[in-house]
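A.B. asks: Structure: input.cif, mmCIF, C-alpha atoms.
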```
data_coords
#
loop_
_atom_site.label_atom_id
_atom_site.label_comp_id
_atom_site.auth_asym_id
_atom_site.auth_seq_id
_atom_site.Cartn_x
_atom_site.Cartn_y
_atom_site.Cartn_z
CA MET V 1 74.27 105.07 152.85
CA THR V 2 76.23 104.52 149.67
CA LEU V 3 79.90 103.87 149.07
CA PHE V 4 80.54 107.58 148.61
CA GLY V 5 78.31 109.24 151.17
CA ASP V 6 74.85 110.56 151.87
CA GLU V 7 72.25 108.85 149.72
CA ALA V 8 70.02 111.91 150.01
CA LEU V 9 72.38 113.67 147.62
CA LEU V 10 71.99 110.97 144.98
CA PRO V 11 69.14 110.96 142.47
CA HIS V 12 65.95 110.13 144.30
CA ARG V 13 63.49 107.56 143.05
CA ALA V 14 61.43 109.99 140.98
CA GLU V 15 64.56 111.08 139.11
CA ARG V 16 65.77 107.51 138.61
CA GLU V 17 62.47 106.74 136.88
CA LEU V 18 62.83 109.59 134.36
CA THR V 19 63.50 108.65 130.75
CA GLY V 20 64.27 110.28 127.42
CA ALA V 21 63.88 114.03 127.09
CA ASP V 22 62.80 114.49 130.72
CA LEU V 23 65.93 112.74 131.97
CA ARG V 24 68.13 114.71 129.57
CA ALA V 25 66.60 117.98 130.79
CA ARG V 26 67.20 116.99 134.42
CA VAL V 27 70.85 116.27 133.70
CA ARG V 28 71.23 119.68 132.06
CA GLU V 29 69.68 121.28 135.16
CA ALA V 30 72.09 119.34 137.38
CA VAL V 31 75.03 120.58 135.29
CA GLU V 32 73.86 124.17 135.68
CA GLU V 33 73.36 123.70 139.42
CA LEU V 34 76.86 122.24 139.84
CA ALA V 35 78.39 125.00 137.70
CA ALA V 36 76.87 127.60 140.01
CA LEU V 37 78.03 125.70 143.10
CA VAL V 38 81.67 125.36 142.00
CA ASP V 39 81.77 128.69 140.12
CA GLU V 40 82.63 127.20 136.72
CA ASP V 41 81.32 128.17 133.30
CA VAL V 42 78.45 125.92 132.25
CA GLN V 43 79.96 125.22 128.82
CA GLU V 44 83.30 124.26 130.34
CA LEU V 45 81.56 121.93 132.76
CA LEU V 46 79.57 120.41 129.89
CA ALA V 47 82.88 119.75 128.11
CA ARG V 48 84.05 117.81 131.18
CA VAL V 49 80.83 115.84 131.15
CA ARG V 50 81.16 114.99 127.45
CA ALA V 51 84.73 113.83 128.04
CA LEU V 52 83.56 111.66 130.91
CA VAL V 53 81.06 109.76 128.76
CA ASN V 54 83.54 109.77 125.83
CA LEU V 55 81.03 111.11 123.33
CA PRO V 56 81.32 114.18 121.09
CA ARG V 57 77.84 115.40 121.96
CA LEU V 58 75.70 115.04 125.06
CA SER V 59 72.77 114.32 122.74
CA ALA V 60 74.47 111.01 121.84
CA THR V 61 74.02 109.69 125.37
CA ASP V 62 71.31 107.16 126.20
CA ASP V 63 69.29 106.77 129.39
CA HIS V 64 71.94 104.51 130.97
CA ASP V 65 74.55 107.24 130.48
CA LEU V 66 72.25 109.97 131.70
CA ARG V 67 71.25 108.19 134.90
CA GLU V 68 74.90 107.61 135.77
CA LEU V 69 75.73 111.22 134.92
CA LEU V 70 73.00 112.41 137.26
CA THR V 71 74.47 110.29 140.03
CA GLU V 72 77.98 111.59 139.32
CA LEU V 73 76.78 115.19 139.32
CA ARG V 74 75.11 114.65 142.69
CA LEU V 75 78.34 113.21 144.06
CA CYS V 76 80.25 116.17 142.62
CA ALA V 77 77.91 118.50 144.48
CA GLN V 78 78.65 116.55 147.67
CA GLU V 79 82.41 116.84 147.18
CA GLY V 80 82.28 120.48 146.09
CA ARG V 81 85.12 122.47 144.56
CA ARG V 82 87.83 120.25 146.01
CA GLY V 83 86.65 117.03 144.40
CA TYR V 84 84.36 117.61 141.44
CA LYS V 85 87.15 117.73 138.84
CA ARG V 86 88.47 114.38 140.04
CA ARG V 87 85.03 112.82 139.77
CA LEU V 88 84.62 114.13 136.22
CA ARG V 89 87.94 112.70 135.04
CA ARG V 90 87.43 109.66 132.79
CA GLU V 91 89.33 106.47 133.55
CA THR V 92 91.25 105.42 130.44
CA ARG V 93 93.62 102.73 131.73
CA VAL V 94 91.85 99.44 131.17
CA THR V 95 93.90 96.24 131.26
CA ARG V 96 92.49 93.95 128.58
CA PRO V 97 93.52 90.49 127.39
CA GLY V 98 95.49 90.25 124.15
CA GLY V 99 95.07 88.06 121.10
CA ILE V 100 91.80 86.38 120.19
CA GLY V 101 90.23 87.12 123.58
CA ARG V 102 90.58 90.90 123.43
CA LEU V 103 87.45 93.02 123.25
CA PRO V 104 87.22 96.65 122.07
CA ARG V 105 88.18 99.27 124.60
CA PRO V 106 85.14 100.26 126.68
CA ARG V 107 83.67 103.68 126.02
CA TRP V 108 83.28 104.55 129.71
CA VAL V 109 84.71 102.77 132.77
CA LYS V 110 84.13 103.67 136.41
CA ALA V 111 83.55 102.34 139.89
CA ALA V 112 79.80 101.83 140.32
CA ALA V 113 78.33 104.55 142.53
CA MET V 114 75.39 102.30 143.40
CA SER V 115 74.52 98.65 143.02
CA GLY V 116 73.03 97.58 139.71
CA THR V 117 72.54 94.79 137.21
CA CYS V 118 74.80 93.85 134.31
CA GLY V 119 73.18 94.71 130.98
CA LEU V 120 74.42 91.49 129.37
CA CYS V 121 74.47 88.61 131.85
CA GLY V 122 71.97 90.10 134.31
CA ASP V 123 74.17 89.47 137.36
CA ALA V 124 74.17 92.02 140.16
CA TYR V 125 77.17 94.22 140.85
CA ALA V 126 77.84 96.16 144.04
CA ALA V 127 78.76 99.78 144.68
CA GLY V 128 82.49 100.13 144.13
CA ASP V 129 82.76 97.32 141.57
CA MET V 130 84.34 98.29 138.26
CA VAL V 131 81.73 98.50 135.50
CA GLY V 132 81.60 100.07 132.07
CA ARG V 133 79.70 100.94 128.92
CA ALA V 134 80.69 99.13 125.76
CA GLN V 135 81.28 100.77 122.40
CA MET V 136 78.18 100.59 120.22
CA ASP V 137 78.31 100.14 116.48
CA PRO V 138 76.72 103.36 115.11
CA LYS V 139 74.99 101.31 112.41
CA LEU V 140 73.15 99.35 115.11
CA ALA V 141 72.56 102.10 117.67
CA HIS V 142 69.15 103.08 116.29
CA TYR V 143 67.85 99.53 115.88
CA TYR V 144 68.29 97.86 119.25
CA VAL V 145 67.71 98.65 122.88
CA PRO V 146 71.20 99.53 124.19
CA MET V 147 72.74 97.32 126.81
CA GLY V 148 73.33 99.07 130.11
CA TRP V 149 76.37 98.96 132.37
CA LEU V 150 78.32 95.75 132.04
CA CYS V 151 80.05 93.90 134.85
CA TRP V 152 83.82 93.54 134.53
CA HIS V 153 83.68 89.97 133.26
CA CYS V 154 81.26 90.81 130.45
CA LEU V 155 83.10 94.00 129.60
CA VAL V 156 86.65 92.63 129.50
CA GLN V 157 87.03 88.90 130.21
CA ARG V 158 84.12 87.04 128.62
CA ARG V 159 85.95 86.06 125.40
CA GLN V 160 89.29 85.33 127.07
CA ASP V 161 87.84 83.21 129.87
CA PRO V 162 84.38 82.22 128.59
CA THR V 163 81.79 80.34 130.61
CA ARG V 164 78.88 78.27 129.38
CA ARG V 165 76.65 81.24 130.13
CA ASP V 166 78.79 83.42 127.85
CA LEU V 167 78.27 80.89 125.05
CA LEU V 168 74.50 80.85 125.59
CA LEU V 169 74.38 84.63 125.47
CA ARG V 170 76.30 84.68 122.20
CA ILE V 171 73.94 82.08 120.77
CA PHE V 172 70.87 84.08 121.79
CA HIS V 173 72.11 87.36 120.37
CA GLY V 174 73.56 85.77 117.24
CA LEU V 175 70.26 84.09 116.41
CA PHE V 176 68.40 87.28 117.34
CA ALA V 177 70.16 88.86 114.37
CA ASP V 178 69.68 85.67 112.29
CA ASP V 179 73.29 85.68 111.14
CA GLY V 180 74.57 82.59 112.90
CA VAL V 181 77.09 82.68 115.73
CA GLY V 182 80.86 83.24 115.74
CA PHE V 183 83.06 81.68 118.43
CA ASN V 184 86.77 82.15 119.05
CA GLY V 185 89.12 79.29 119.97
CA TYR V 186 88.52 79.64 123.71
CA GLU V 187 84.75 79.55 123.27
CA CYS V 188 85.01 76.61 120.89
CA GLY V 189 86.88 74.73 123.62
CA VAL V 190 84.09 75.30 126.13
CA LEU V 191 81.43 74.30 123.60
CA LEU V 192 83.39 71.22 122.53
CA ALA V 193 83.74 70.05 126.14
CA TRP V 194 80.02 70.57 126.69
CA LEU V 195 78.97 68.65 123.59
CA THR V 196 81.33 65.74 124.33
CA ALA V 197 80.83 65.57 128.09
CA ASP V 198 78.69 62.44 127.70
CA PRO V 199 78.88 60.04 124.72
CA VAL V 200 75.13 59.53 124.92
CA LEU V 201 74.63 62.98 123.35
CA ALA V 202 75.86 61.70 119.98
CA GLY V 203 72.92 59.30 119.95
CA SER V 204 70.31 61.87 120.90
CA LYS V 205 67.40 62.61 118.59
CA PRO V 206 68.49 66.14 117.53
CA TRP V 207 72.06 64.96 116.86
CA SER V 208 70.84 62.00 114.81
CA ALA V 209 68.56 64.27 112.76
CA ASP V 210 71.37 66.77 112.05
CA PRO V 211 74.77 65.13 112.77
CA LEU V 212 77.37 67.32 114.43
CA GLU V 213 80.52 65.27 113.73
CA ALA V 214 81.77 67.76 111.14
CA THR V 215 81.07 70.61 113.56
CA LEU V 216 83.15 68.87 116.25
CA VAL V 217 86.04 68.67 113.78
CA ARG V 218 85.78 72.41 113.17
CA LEU V 219 85.63 73.14 116.90
CA ARG V 220 88.72 71.02 117.58
CA ALA V 221 90.61 72.78 114.79
CA SER V 222 89.63 76.17 116.20
CA VAL V 223 90.91 75.19 119.64
CA ALA V 224 94.18 73.77 118.28
CA ASP V 225 94.87 76.73 115.98
CA GLY V 226 93.61 79.46 118.29
CA LYS V 227 91.29 80.77 115.60
CA PRO V 228 89.75 84.19 116.21
CA LEU V 229 86.48 83.17 114.55
CA THR V 230 84.66 79.97 113.73
CA TRP V 231 81.26 80.71 112.22
CA LEU V 232 78.30 78.39 112.81
CA SER V 233 75.16 78.66 110.69
CA PRO V 234 71.76 79.32 112.28
CA GLN V 235 70.69 75.72 111.54
CA THR V 236 73.79 74.19 113.14
CA THR V 237 73.45 76.50 116.14
CA ARG V 238 69.81 75.48 116.60
CA THR V 239 70.82 71.82 116.50
CA ILE V 240 73.46 72.50 119.14
CA MET V 241 70.86 74.23 121.31
CA ALA V 242 68.58 71.19 121.01
CA VAL V 243 71.42 68.85 122.00
CA LEU V 244 72.36 71.02 124.96
CA GLN V 245 68.83 70.60 126.31
CA GLU V 246 69.27 66.83 126.52
CA PRO V 247 69.47 65.46 130.12
CA ALA V 248 73.08 64.34 129.61
CA ALA V 249 74.08 67.93 128.78
CA THR V 250 72.00 69.69 131.44
CA ALA V 251 73.34 67.39 134.16
CA VAL V 252 76.60 69.39 134.31
CA LEU V 253 74.91 72.80 134.61
CA SER V 254 74.64 75.10 137.59
CA GLY V 255 71.30 76.63 138.50
CA GLN V 256 72.12 79.90 136.72
CA GLU V 257 73.31 78.08 133.61
CA ALA V 258 70.19 75.92 133.49
CA GLN V 259 67.98 78.98 133.91
CA LEU V 260 69.69 80.80 131.05
CA LEU V 261 69.57 77.73 128.80
CA SER V 262 65.84 77.48 129.46
CA ALA V 263 65.34 81.19 128.72
CA VAL V 264 67.19 81.00 125.39
CA ALA V 265 65.27 77.87 124.39
CA GLN V 266 61.96 79.53 125.33
CA HIS V 267 62.57 82.54 123.12
CA LEU V 268 63.78 80.45 120.19
CA THR V 269 60.51 78.51 120.43
CA GLU V 270 58.49 81.72 120.61
CA TRP V 271 60.18 83.03 117.47
CA ASP V 272 59.23 79.79 115.73
CA THR V 273 55.64 79.49 116.98
CA ASN V 274 54.65 83.17 117.41
CA PRO V 275 52.32 82.64 120.40
CA ALA V 276 51.91 86.42 120.82
CA GLY V 277 50.49 86.69 117.31
CA VAL V 278 52.99 89.28 116.08
CA ARG V 279 51.86 90.49 112.64
CA HIS V 280 54.47 89.69 110.00
CA VAL V 281 52.94 92.28 107.69
CA GLN V 282 54.13 94.93 110.16
CA CYS V 283 57.35 93.39 111.49
CA GLY V 284 58.45 91.08 108.70
CA THR V 285 60.27 87.88 109.58
CA GLY V 286 63.68 89.25 110.63
CA TRP V 287 65.03 90.87 113.76
CA ARG V 288 62.11 93.32 114.05
CA TYR V 289 59.76 90.35 114.36
CA ARG V 290 62.01 88.65 116.93
CA GLN V 291 62.33 91.88 118.89
CA ARG V 292 58.54 92.33 119.00
CA ALA V 293 57.95 88.70 119.98
CA LEU V 294 60.47 89.11 122.80
CA ALA V 295 58.67 92.20 124.09
CA LEU V 296 55.24 90.56 124.00
CA THR V 297 56.12 87.24 125.63
CA ASP V 298 53.70 86.04 128.31
CA HIS V 299 56.64 84.57 130.21
CA PRO V 300 59.32 87.27 130.47
CA THR V 301 62.86 86.12 131.21
CA ILE V 302 65.92 88.15 132.04
CA LEU V 303 66.61 88.18 128.30
CA SER V 304 63.28 89.93 127.76
CA ARG V 305 64.45 92.93 129.76
CA LEU V 306 68.03 93.39 128.58
CA GLY V 307 69.30 95.16 125.47
CA GLY V 308 70.67 93.65 122.32
CA PRO V 309 71.48 92.03 120.11
CA PHE V 310 74.88 91.33 121.54
CA PHE V 311 77.11 92.61 118.75
CA LEU V 312 80.24 93.30 120.78
CA PHE V 313 82.81 91.69 118.54
CA GLN V 314 86.39 90.96 119.49
CA CYS V 315 89.18 93.15 118.18
CA LYS V 316 90.52 92.41 114.71
CA VAL V 317 93.24 89.76 114.69
CA THR V 318 95.58 89.28 111.74
CA SER V 319 96.29 85.94 110.09
CA LEU V 320 99.50 85.75 112.15
CA GLY V 321 97.53 86.11 115.36
CA THR V 322 98.89 89.53 116.29
CA LEU V 323 96.57 92.12 117.70
CA VAL V 324 95.47 95.19 115.82
CA ASP V 325 94.20 97.61 118.47
CA PRO V 326 91.45 99.84 116.99
CA ASP V 327 92.45 102.55 119.43
CA LYS V 328 95.89 102.77 117.80
CA SER V 329 95.21 101.82 114.19
#
```
Step by step, read the file and then write its structure as structure tokens.

C.D. replies:
Amino acid sequence: MTLFGDEALLPHRAERELTGADLRARVREAVEELAALVDEDVQELLARVRALVNLPRLSATDDHDLRELLTELRLCAQEGRRGYKRRLRRETRVTRPGGIGRLPRPRWVKAAAMSGTCGLCGDAYAAGDMVGRAQMDPKLAHYYVPMGWLCWHCLVQRRQDPTRRDLLLRIFHGLFADDGVGFNGYECGVLLAWLTADPVLAGSKPWSADPLEATLVRLRASVADGKPLTWLSPQTTRTIMAVLQEPAATAVLSGQEAQLLSAVAQHLTEWDTNPAGVRHVQCGTGWRYRQRALALTDHPTILSRLGGPFFLFQCKVTSLGTLVDPDKS
């Protein structure tokens, strides 16, 4: 049984394993079947479906959208004429933090019809939990594997109330794109506390080789001023990662945090050493190379299976710290 009723009416395993054109065709068939069941014009029903996913064309959907649509259409068939319009009504009221912690409005928000896994942090969510799809930068949509459904923390709260895992994820995706990493004032506070948790870290080998005192000054200023963005170079970020692997830094971690730290460190090492023998003549030395190395790793981590890179920037904040909402600007 599911939260909403008979599991037999939901997509069965063979359908859940469909991808690409086959999955898209199955969704179209499900739309036509529902239209016949509820006596609605197919084109009008397709318009409802497009509004639900908040995209101008159904062709712009990815497999994550299509699988959820197939589930929703099955549930609509279960509820029949009396409930299908309600199920195909998109939720638009999303309470988001303000200021430097605000993220762009999600593209699609709903209660999960079935349990799943967050496309960013990898945590499980249960049927009935609020989840959503994030907006994707059109310039990046064709280059990276899209992240799936995000849990509510990753979708709305991760930059207002960041955890150490949130910082590690930003580091991984920032270095994936080889552009450094940007932290807001809240994130800088978490990173600062982590780096200064034990004075012995300042005497560690990676810190001594690439001193971080100036970086600590920048982090403190970001916390004090509530800065929306403090940019750290790839080299500084790598030094921070090396310091965070010191015993004095890992001593404060939970099991999940330690696992994620190890996964990020593993992939950074693989990008440096190229154990899979990825050919630079084909992939170059940029993100295409890092993407290929990630796919060919002999030791897959949760980061090997999820989409990216994680380019879900905060909303634009003016120099006075007031929010400019992209949905209203």

A.B. asks: Fewer than 3 positions away in the same chain doesn't count, so skip those; otherwise give me all residues within 10 Å of Leu201 of chain V, counting all atoms listed in the file, as a list of chain:residue names.

C.D. replies: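 Within the cut-off, the hits are V:Trp194, V:Leu195, V:Thr196, V:Ala197, V:Asp198, V:Ser204, V:Lys205, V:Pro206, V:Trp207, V:Ser208, V:Val243, V:Leu244, V:Glu246, V:Pro247, V:Ala248, V:Ala249.
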
A.B. asks: Would you output that residue set with C-alpha atoms, as a PDB file, in the coordinates of the input?

C.D. replies:
```pdb
ATOM      1  CA  TRP V 194      80.020  70.570 126.690  1.00  0.00           C
ATOM      2  CA  LEU V 195      78.970  68.650 123.590  1.00  0.00           C
ATOM      3  CA  THR V 196      81.330  65.740 124.330  1.00  0.00           C
ATOM      4  CA  ALA V 197      80.830  65.570 128.090  1.00  0.00           C
ATOM      5  CA  ASP V 198      78.690  62.440 127.700  1.00  0.00           C
ATOM      6  CA  SER V 204      70.310  61.870 120.900  1.00  0.00           C
ATOM      7  CA  LYS V 205      67.400  62.610 118.590  1.00  0.00           C
ATOM      8  CA  PRO V 206      68.490  66.140 117.530  1.00  0.00           C
ATOM      9  CA  TRP V 207      72.060  64.960 116.860  1.00  0.00           C
ATOM     10  CA  SER V 208      70.840  62.000 114.810  1.00  0.00           C
ATOM     11  CA  VAL V 243      71.420  68.850 122.000  1.00  0.00           C
ATOM     12  CA  LEU V 244      72.360  71.020 124.960  1.00  0.00           C
ATOM     13  CA  GLU V 246      69.270  66.830 126.520  1.00  0.00           C
ATOM     14  CA  PRO V 247      69.470  65.460 130.120  1.00  0.00           C
ATOM     15  CA  ALA V 248      73.080  64.340 129.610  1.00  0.00           C
ATOM     16  CA  ALA V 249      74.080  67.930 128.780  1.00  0.00           C
TER      17      ALA V 249
END
```

A.B. asks: Please evaluate the PyMOL selection byres ((chain V and resi 114-124) around 10) against the displayed coordinates and give the resulting residues as a PyMOL selection string.

C.D. replies: chain V and resi 1-4+7+10+64+68+71+111-113+125-129+131-133+146-155+165-166+168-169+256+260+302-303+305-310

A.B. asks: Can you turn the PyMOL selection byres ((chain V and resi 61) around 12) into a concrete residue list for this file, as a VMD selection string?

C.D. replies: chain V and resid 19 to 21 23 to 24 27 49 to 60 62 to 69 107 to 108 133 135 to 136 141 146 148

A.B. asks: Identify all residues satisfying the PyMOL selection byres ((chain V and resi 191) around 12) in the given file; provide them as a ChimeraX atom specification.

C.D. replies: /V:162-168,170-171,182-190,192-197,215-216,218-220,222-223,230,232,237,240-241,243-244,249

A.B. asks: Between atom CA of Leu37 of chain V and atom CA of Glu15 of chain V, what is the distance, to one decimal in Å?

C.D. replies: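 Atom-to-atom, atom CA of Leu37 of chain V to atom CA of Glu15 of chain V, that is 20.3 Å.
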
A.B. asks: Can you measure atom CA of Gly101 of chain V to atom CA of Arg290 of chain V for me? One decimal in Å is fine.

C.D. replies: 29.0 Å

A.B. asks: Can you sort out the box for segment 163-181 of chain V, edges along x, y and z, all listed atoms in, 6 Å on every side, with centre and edge lengths in Å to one decimal, as AutoDock Vina command-line options?

C.D. replies:
```
--center_x 75.1 --center_y 83.6 --center_z 120.9 --size_x 25.4 --size_y 22.6 --size_z 31.5
```

A.B. asks: Find the residues of segment 163-208 of chain V that sit at most 12 Å from segment 271-278 of chain V; for each, write down the nearest two atoms and how far apart they are in Å, to one decimal. Count all atoms listed in the file. Sort by chain, then by number going up, and give it as a tab-separated table.

C.D. replies:
```
residue	atom	partner	partner_atom	distance
V:Phe172	CA	V:Trp271	CA	11.6
V:Leu175	CA	V:Trp271	CA	10.2
V:Phe176	CA	V:Trp271	CA	9.3
V:Ala177	CA	V:Trp271	CA	12.0
V:Asp178	CA	V:Trp271	CA	11.1
```

A.B. asks: Can you work out the spacing between atom CA of Ala265 of chain V and atom CA of Gln245 of chain V in Å, to one decimal?

C.D. replies: 8.3 Å

A.B. asks: Between V:Val31, V:Leu70, V:Val42, V:Leu212, which one has atoms that come closest to Leu18 of chain V, using all atoms listed in the file?

C.D. replies: V:Leu70

A.B. asks: Kindly indicate which residue among V:Ala209, V:Val38, V:Val252, V:Val109 lies nearest to Glu91 of chain V, using only C-alpha atoms for the distances.

C.D. replies: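 Closest residue, counting only C-alpha atoms: V:Val109.
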
A.B. asks: I need the residue nearest Pro228 of chain V from this list: V:Arg90, V:Arg16, V:Asp22, V:Gly99. Use only C-alpha atoms for the distance.

C.D. replies: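 For Pro228 of chain V, the nearest of the given residues is V:Gly99.
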